[in-house]
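**Q** Let me give you the structure first, and then I'll get to my questions.
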Amino acid sequence: MIKLNVHEAKTHLSYYLQKLKRGETILLCRRNVPIAEIRPLPARRKTKRQIGLAKGKFKVDPKFFEPLPADIIDSFYGRGS
């Protein structure tokens, strides 16, 4: 983990972005007091996710498709108790 003050990060941003790209984590500090942790995002999938991988592994209860009760719908609109 790289410990880095804000000024240094602003001055050498491109350099530290390359470090992030390689998997490093940066602890961003203000006057040597940690304020944030910056981590690289996981790599994107190179292939599309296959459809139907969980077929037959679970069942959706038919009640799932029934309308919600009126009091729950009202709470979405702030009209409930």
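A note on labels: chains of the structure tokens are A, B, ... as shown, every chain counts residues from 1, and ligands are counted from 1 in their shown order.
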I'd like to know which residues of chain A are alpha helix (DSSP H) (by DSSP, run on the backbone); could you write them as a VMD selection string?

**A** chain A and resid 6 to 11 13 to 21 70 to 76

**Q** Mind checking DSSP for chain A and telling me the strand (DSSP E) residues as a PyMOL selection string?

**A** chain A and resi 2-5+26-30+33-38

**Q** Could you write out the selected residues, including C-alpha atoms, as an mmCIF file, in the first residue's frame?

**A**
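Saved result, again.cif, follows:
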data_model
loop_
_atom_site.group_PDB
_atom_site.id
_atom_site.type_symbol
_atom_site.label_atom_id
_atom_site.label_comp_id
_atom_site.auth_asym_id
_atom_site.auth_seq_id
_atom_site.Cartn_x
_atom_site.Cartn_y
_atom_site.Cartn_z
ATOM 1 C CA ILE A 2 1.297 3.422 -0.960
ATOM 2 C CA LYS A 3 0.832 6.207 1.604
ATOM 3 C CA LEU A 4 0.523 9.521 -0.210
ATOM 4 C CA ASN A 5 -0.274 13.140 0.664
ATOM 5 C CA ILE A 26 -3.142 4.093 -2.311
ATOM 6 C CA LEU A 27 -3.816 5.525 1.126
ATOM 7 C CA LEU A 28 -4.504 9.216 0.509
ATOM 8 C CA CYS A 29 -3.563 11.534 3.377
ATOM 9 C CA ARG A 30 -3.920 15.182 4.290
ATOM 10 C CA VAL A 33 -3.627 11.831 8.362
ATOM 11 C CA PRO A 34 -5.405 9.185 6.232
ATOM 12 C CA ILE A 35 -8.584 10.454 4.574
ATOM 13 C CA ALA A 36 -9.272 7.940 1.792
ATOM 14 C CA GLU A 37 -8.190 4.653 0.317
ATOM 15 C CA ILE A 38 -8.025 4.329 -3.456
#

**Q** Fewer than 5 positions away in the same chain doesn't count, so skip those; otherwise give me all residues within 10 Å of Arg22 in chain A, counting only C-alpha atoms, as a PyMOL selection string.

**A** chain A and resi 16-17+40
